[in-house]
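Undergrad: One structure, as structure tokens, below. Some questions next.
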Amino acid sequence: MTVRLGVRSYPVYVALGLISGVGSLIAERLPSAAKCAIVTSENIWGIHGRALAKSLEAAGFEADIVHVPDGEKAKSWSEAARLIGELLDLGFDRRSTLIAFGGGAVGDLAGFVAAIYLRGINLVQIPTTLLAHVDSAIGGKAAVNHPKGKNLIGAFKQPGLVVSDPELLASLPEREMRSGLAEVVKYGVIADSKLFKNVEEKGDALRDAEPDALTEVVRRCVVIKARYVEEDERDLEGIRAALNYGHTMGHAVETLMAPRMRHGEAVAIGMEFAGRISAGLGLMEEGELERQRGLLASLGLETGIPELKLGDILDALSRDKKVEGGSVRFVLPTGIGTAPVLRPIDKDLIVQELGRAGVG
Ligand SMILES: NC(=O)c1ccc[n+]([C@@H]2O[C@H](COP(=O)([O-])OP(=O)(O)OC[C@H]3O[C@@H](n4cnc5c(N)ncnc54)[C@H](O)[C@@H]3O)[C@@H](O)[C@H]2O)c1
Ligand SMILES: [Zn+2]
């Protein structure tokens with residue numbers, strides 16, 4: 001598939017076993033790529049590093065490996081600075097290529113650094129989590145966290161190439177798989193009832209990392225994500241915002257629960273919350289909301305708001321990038337597979353809905 005963005009267009013390859021062909025894909029796509037460095041965590045490198053190293057070697061690349069902390073700890077200003085220091089020591093220049101090999105955390109950090117190092121260098125995304133396959137590796141949003149909130153320091157950095165091998169997902173812990181599946185459900189609700197139905201039918205196979213089932217779903221999600229990104233690359237037209245379905249309350253809960261909650265787990269909670277507001281306003285039928293709730297539950301995703309203080313949730317919401325005057329902008333679903341709407345929601349209504357969910 002191609003993400004069509006004029007001069008920033010790039011291919012996304014999705015196929016089983018593709019890791020062994022990464023080297024030649026990079027050589028083909030980025031012929032001037034001189035130096036390469038792989039950004040990854042020790043955990044990911046320990047599981048899949050050999051396959052990637054072999055593939056790069058076979059294509060004649062000498063890649064340095066730069067380890068960053070595992071998971072969300074990678075996404076900090078100080079890690080970005082440390083990574084930049086390592087690249088300077090390695091003699092990275094403007095023709096060098098950074099390869100992000102990991103989940104959304106590694107991808108977001110590497111993307112951010114690739115955007116700012118010497119005003120921008122080549123980036124290749126090789127996602128290793130389901131969430132990164134279907135979401136974070138495509139679209140160019142890159143960021144690190146600030147103590148006051150997630151993703152507050154960032155840049156747009158489209159990769160030059162994305163190489164997805166769903167075989168890498170066989171080693172993914174069940175909890176990470178579930179977290180990625182929440183984003184898959186998100187795509188189903190906002191854009192594709194067939195995808196939603198597919199997940200309803202193949203939920204167990206997907207949770208068990210059945211390769212063909214995963215490949216089909218990943219391909220579908222990539223197409224959907226690419227379409228939104230093409231129409232609204234910088235998230236300014238209110239089109240790409242649909243991808244934030246479940247993320248308004250999701251980010252608030254995720255920040256407050258850090259590091260105990262996975263991104264997708266928070267998104268599942270956020271989708272239920274936005275769905276309830278939608279149903280309350282008559283934008284979505286109760287039956288559709290129940291279907292969403294049922295699918296999330298069958299995938300092992302909780303939808304209730306965790307035990308948190310009302311004031312803390314409201315504070316976290318008010319720091320959301322989507323805040324507008326006294327209200328917070330929510331992406332509200334209109335059904336399964338139909339385009340959602342973006343609406344400012346009054347604080348009073350949010351408090352009322354949180355009360356119904358047991359917060360107060
Ligand atoms: N840029 C975007 O558009 C975008 C979109 C969605 C989410 N995100 C960001 O992505 C981050 C979450 O990413 P994530 O859910 O991929 O988690 P993650 O990157 O934190 O990885 C989760 C865990 O899975 C392990 N892991 C990764 N691949 C593995 C594999 N193949 N086998 C075994 N273990 C493996 C990692 O070592 C880590 O411990 C969040 O910071 C979120 O903000 C960004
Ligand atoms: Zn997300």
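Each chain in the structure tokens gets a letter, A, B and so on, in the order shown; residues start at 1 in every chain, and ligands are counted from 1 in the order they appear.
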So which residues are near ligand 1, meaning at most 8 Å away with only C-alpha atoms and all ligand atoms counted, given back as a ChimeraX atom specification?

TA: /A:41-44,47-48,70-72,75,102-108,127-132,135-144,150-151,168-173,176,179-180,262-264

Undergrad: Write out as a VMD selection string each polymer residue whose atoms come within 12 Å of A:Ala110, counting only C-alpha atoms; drop sequence neighbours fewer than 3 positions from it.

TA: chain A and resid 37 to 41 66 to 68 74 to 77 79 to 84 87 97 to 107 113 to 117 120 to 127 136 to 137 140 to 144 154 to 159

Undergrad: For A:Met1, list every protein, DNA or RNA residue within 9 Å, evaluated using only C-alpha atoms, and leave out those in the same chain fewer than 2 positions away; present the list as a list in words.

TA: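 The residues that qualify are Val3, Tyr10, Pro11, Val12, Tyr13, Val14, Arg219, Val222, Val223 and Ala226 of chain A.
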
Undergrad: Let's have the selection written as a PDB file, in the first residue's frame, with N, CA and C atoms.

TA:
ATOM      1  N   VAL A   3       0.982   5.377   1.117  1.00  0.00           N
ATOM      2  CA  VAL A   3       0.383   6.546   1.741  1.00  0.00           C
ATOM      3  C   VAL A   3       0.718   7.710   0.821  1.00  0.00           C
ATOM      4  N   TYR A  10       4.890   7.352   0.741  1.00  0.00           N
ATOM      5  CA  TYR A  10       5.765   6.215   1.067  1.00  0.00           C
ATOM      6  C   TYR A  10       4.977   4.910   1.040  1.00  0.00           C
ATOM      7  N   PRO A  11       5.682   3.803   0.766  1.00  0.00           N
ATOM      8  CA  PRO A  11       5.017   2.512   0.746  1.00  0.00           C
ATOM      9  C   PRO A  11       4.952   1.877   2.132  1.00  0.00           C
ATOM     10  N   VAL A  12       3.893   1.124   2.344  1.00  0.00           N
ATOM     11  CA  VAL A  12       3.757   0.309   3.560  1.00  0.00           C
ATOM     12  C   VAL A  12       3.634  -1.129   3.094  1.00  0.00           C
ATOM     13  N   TYR A  13       4.597  -1.950   3.418  1.00  0.00           N
ATOM     14  CA  TYR A  13       4.557  -3.367   3.049  1.00  0.00           C
ATOM     15  C   TYR A  13       4.041  -4.161   4.221  1.00  0.00           C
ATOM     16  N   VAL A  14       3.081  -5.030   3.962  1.00  0.00           N
ATOM     17  CA  VAL A  14       2.567  -5.910   5.018  1.00  0.00           C
ATOM     18  C   VAL A  14       2.573  -7.338   4.489  1.00  0.00           C
ATOM     19  N   ARG A 219      -3.763  -5.270   7.247  1.00  0.00           N
ATOM     20  CA  ARG A 219      -3.869  -4.625   5.925  1.00  0.00           C
ATOM     21  C   ARG A 219      -5.049  -3.669   5.870  1.00  0.00           C
ATOM     22  N   VAL A 222      -4.358  -0.539   7.921  1.00  0.00           N
ATOM     23  CA  VAL A 222      -3.389   0.348   7.272  1.00  0.00           C
ATOM     24  C   VAL A 222      -4.079   1.178   6.196  1.00  0.00           C
ATOM     25  N   VAL A 223      -4.947   0.531   5.420  1.00  0.00           N
ATOM     26  CA  VAL A 223      -5.665   1.260   4.364  1.00  0.00           C
ATOM     27  C   VAL A 223      -6.525   2.367   4.975  1.00  0.00           C
ATOM     28  N   ALA A 226      -4.279   5.158   6.397  1.00  0.00           N
ATOM     29  CA  ALA A 226      -3.652   5.920   5.309  1.00  0.00           C
ATOM     30  C   ALA A 226      -4.649   6.916   4.711  1.00  0.00           C
TER      31      ALA A 226
END

Undergrad: Please list as a ChimeraX atom specification every residue within 8 Å of A:Ala242, counting only C-alpha atoms and excluding residues in the same chain fewer than 4 positions away.

TA: /A:190,238,331,339-342

Undergrad: For atom CA of A:Cys221 and atom CA of A:Leu16, quote the distance in Å rounded to one decimal.

TA: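 Separation between atom CA of A:Cys221 and atom CA of A:Leu16: 16.0 Å.
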
Undergrad: Pick the closest to ligand 2 from A:Pro306, A:Gly270, A:Gly21, A:Gly6: which is it, counting only C-alpha atoms and all ligand atoms?

TA: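 Under the stated criterion, the closest residue is A:Gly270.
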
Undergrad: What is the atom CA of A:Gly91 to atom CA of A:Ser20 distance in Å?

TA: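 Atom CA of A:Ser20 lies 27.0 Å from atom CA of A:Gly91.
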
Undergrad: Name the closest residue to A:Gly250 among the candidates A:Met177, A:Lys309, A:Thr215, A:Asp320; distances are taken between atoms, counting only C-alpha atoms.

TA: A:Asp320

Undergrad: If you run DSSP on the backbone, which residues of stretch 170-233 of chain A are alpha helix (DSSP H), as a ChimeraX atom specification?

TA: /A:174-191,193-207,211-231

Undergrad: Mind checking which residues fall within 12 Å of A:Ala34, counting only C-alpha atoms, ignoring those fewer than 2 positions away in the same chain, and posting them as an MDAnalysis selection string?

TA: chainID A and resid 26:27 30:32 36:37 60:64 91:98 121:122

Undergrad: Please dump the current selection as a PDB file, in the first residue's frame; keep N, CA and C atoms.

TA:
ATOM      1  N   ILE A  26      14.951  -1.553   2.002  1.00  0.00           N
ATOM      2  CA  ILE A  26      15.582  -0.265   2.329  1.00  0.00           C
ATOM      3  C   ILE A  26      16.535   0.137   1.201  1.00  0.00           C
ATOM      4  N   ALA A  27      17.305  -0.832   0.720  1.00  0.00           N
ATOM      5  CA  ALA A  27      18.272  -0.522  -0.343  1.00  0.00           C
ATOM      6  C   ALA A  27      17.567   0.007  -1.585  1.00  0.00           C
ATOM      7  N   LEU A  30      15.520   3.568  -0.348  1.00  0.00           N
ATOM      8  CA  LEU A  30      16.381   4.661   0.082  1.00  0.00           C
ATOM      9  C   LEU A  30      17.804   4.388  -0.402  1.00  0.00           C
ATOM     10  N   PRO A  31      18.010   4.473  -1.721  1.00  0.00           N
ATOM     11  CA  PRO A  31      19.307   4.066  -2.282  1.00  0.00           C
ATOM     12  C   PRO A  31      20.475   4.878  -1.737  1.00  0.00           C
ATOM     13  N   SER A  32      20.184   6.111  -1.303  1.00  0.00           N
ATOM     14  CA  SER A  32      21.301   6.923  -0.816  1.00  0.00           C
ATOM     15  C   SER A  32      21.549   6.712   0.672  1.00  0.00           C
ATOM     16  N   CYS A  36      23.156   3.462   8.875  1.00  0.00           N
ATOM     17  CA  CYS A  36      21.870   3.099   9.485  1.00  0.00           C
ATOM     18  C   CYS A  36      22.074   2.873  10.979  1.00  0.00           C
ATOM     19  N   ALA A  37      21.079   3.233  11.750  1.00  0.00           N
ATOM     20  CA  ALA A  37      21.095   2.829  13.157  1.00  0.00           C
ATOM     21  C   ALA A  37      19.709   2.319  13.507  1.00  0.00           C
ATOM     22  N   GLY A  60      23.973  -5.590   2.667  1.00  0.00           N
ATOM     23  CA  GLY A  60      25.193  -4.788   2.680  1.00  0.00           C
ATOM     24  C   GLY A  60      25.193  -3.596   3.627  1.00  0.00           C
ATOM     25  N   PHE A  61      24.212  -3.544   4.522  1.00  0.00           N
ATOM     26  CA  PHE A  61      24.186  -2.426   5.478  1.00  0.00           C
ATOM     27  C   PHE A  61      24.967  -2.779   6.737  1.00  0.00           C
ATOM     28  N   GLU A  62      25.681  -1.794   7.243  1.00  0.00           N
ATOM     29  CA  GLU A  62      26.281  -1.960   8.566  1.00  0.00           C
ATOM     30  C   GLU A  62      25.462  -1.114   9.515  1.00  0.00           C
ATOM     31  N   ALA A  63      24.642  -1.752  10.291  1.00  0.00           N
ATOM     32  CA  ALA A  63      23.746  -0.971  11.143  1.00  0.00           C
ATOM     33  C   ALA A  63      24.234  -0.983  12.588  1.00  0.00           C
ATOM     34  N   ASP A  64      24.282   0.198  13.183  1.00  0.00           N
ATOM     35  CA  ASP A  64      24.555   0.269  14.621  1.00  0.00           C
ATOM     36  C   ASP A  64      23.251   0.063  15.363  1.00  0.00           C
ATOM     37  N   GLY A  91      28.522   9.571  14.193  1.00  0.00           N
ATOM     38  CA  GLY A  91      28.829  10.306  12.963  1.00  0.00           C
ATOM     39  C   GLY A  91      27.662  10.330  11.990  1.00  0.00           C
ATOM     40  N   PHE A  92      26.454  10.264  12.524  1.00  0.00           N
ATOM     41  CA  PHE A  92      25.260  10.323  11.677  1.00  0.00           C
ATOM     42  C   PHE A  92      25.182  11.654  10.949  1.00  0.00           C
ATOM     43  N   ASP A  93      24.956  11.590   9.608  1.00  0.00           N
ATOM     44  CA  ASP A  93      24.777  12.836   8.873  1.00  0.00           C
ATOM     45  C   ASP A  93      23.378  12.879   8.249  1.00  0.00           C
ATOM     46  N   ARG A  94      23.154  13.871   7.393  1.00  0.00           N
ATOM     47  CA  ARG A  94      21.784  14.064   6.909  1.00  0.00           C
ATOM     48  C   ARG A  94      21.309  12.989   5.957  1.00  0.00           C
ATOM     49  N   ARG A  95      22.240  12.143   5.498  1.00  0.00           N
ATOM     50  CA  ARG A  95      21.817  11.050   4.617  1.00  0.00           C
ATOM     51  C   ARG A  95      21.642   9.745   5.379  1.00  0.00           C
ATOM     52  N   SER A  96      21.877   9.783   6.672  1.00  0.00           N
ATOM     53  CA  SER A  96      21.771   8.568   7.481  1.00  0.00           C
ATOM     54  C   SER A  96      20.305   8.199   7.705  1.00  0.00           C
ATOM     55  N   THR A  97      20.127   6.942   8.065  1.00  0.00           N
ATOM     56  CA  THR A  97      18.760   6.437   8.234  1.00  0.00           C
ATOM     57  C   THR A  97      18.562   5.846   9.619  1.00  0.00           C
ATOM     58  N   LEU A  98      17.487   6.268  10.236  1.00  0.00           N
ATOM     59  CA  LEU A  98      17.133   5.727  11.543  1.00  0.00           C
ATOM     60  C   LEU A  98      16.050   4.669  11.341  1.00  0.00           C
ATOM     61  N   ILE A 121      16.191  13.487   9.274  1.00  0.00           N
ATOM     62  CA  ILE A 121      16.899  12.433   8.525  1.00  0.00           C
ATOM     63  C   ILE A 121      15.881  11.345   8.152  1.00  0.00           C
ATOM     64  N   ASN A 122      16.339  10.377   7.337  1.00  0.00           N
ATOM     65  CA  ASN A 122      15.444   9.291   6.899  1.00  0.00           C
ATOM     66  C   ASN A 122      14.968   8.444   8.069  1.00  0.00           C
TER      67      ASN A 122
END

Undergrad: Atom CA of A:Val162 and atom CA of A:Val22, how far apart in Å?

TA: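 For atom CA of A:Val22 relative to atom CA of A:Val162, the distance reads 9.5 Å.
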
Undergrad: Return the single residue from A:Ala53, A:Leu214, A:Val267, A:Leu354 that is closest to ligand 2, with distances computed using only C-alpha atoms and all ligand atoms.

TA: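 Going through A:Ala53, A:Leu214, A:Val267, A:Leu354 one by one, the smallest distance to ligand 2 is for A:Val267.
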
Undergrad: Got a sec: who's within 9 Å of A:Leu332, counting only C-alpha atoms, leaving out chain neighbours fewer than 5 positions off, as a CSV table (one decimal) with C-alpha atoms, in the first residue's frame?

TA:
chain,number,residue,atom,x,y,z
A,242,ALA,CA,-11.8,10.8,13.9
A,245,TYR,CA,-12.1,8.1,18.8
A,246,GLY,CA,-11.8,6.9,22.4
A,271,MET,CA,-14.6,4.4,23.4
A,274,ALA,CA,-17.7,8.5,24.2
A,275,GLY,CA,-20.2,5.9,23.1
A,277,ILE,CA,-22.3,10.3,25.5
A,278,SER,CA,-23.2,9.6,21.9
A,283,LEU,CA,-26.3,10.1,18.0
A,284,MET,CA,-25.9,6.4,18.3
A,340,PRO,CA,-18.1,9.9,13.8
A,341,VAL,CA,-18.7,13.5,14.6
A,342,LEU,CA,-16.5,15.9,16.5
A,343,ARG,CA,-18.4,17.8,19.2
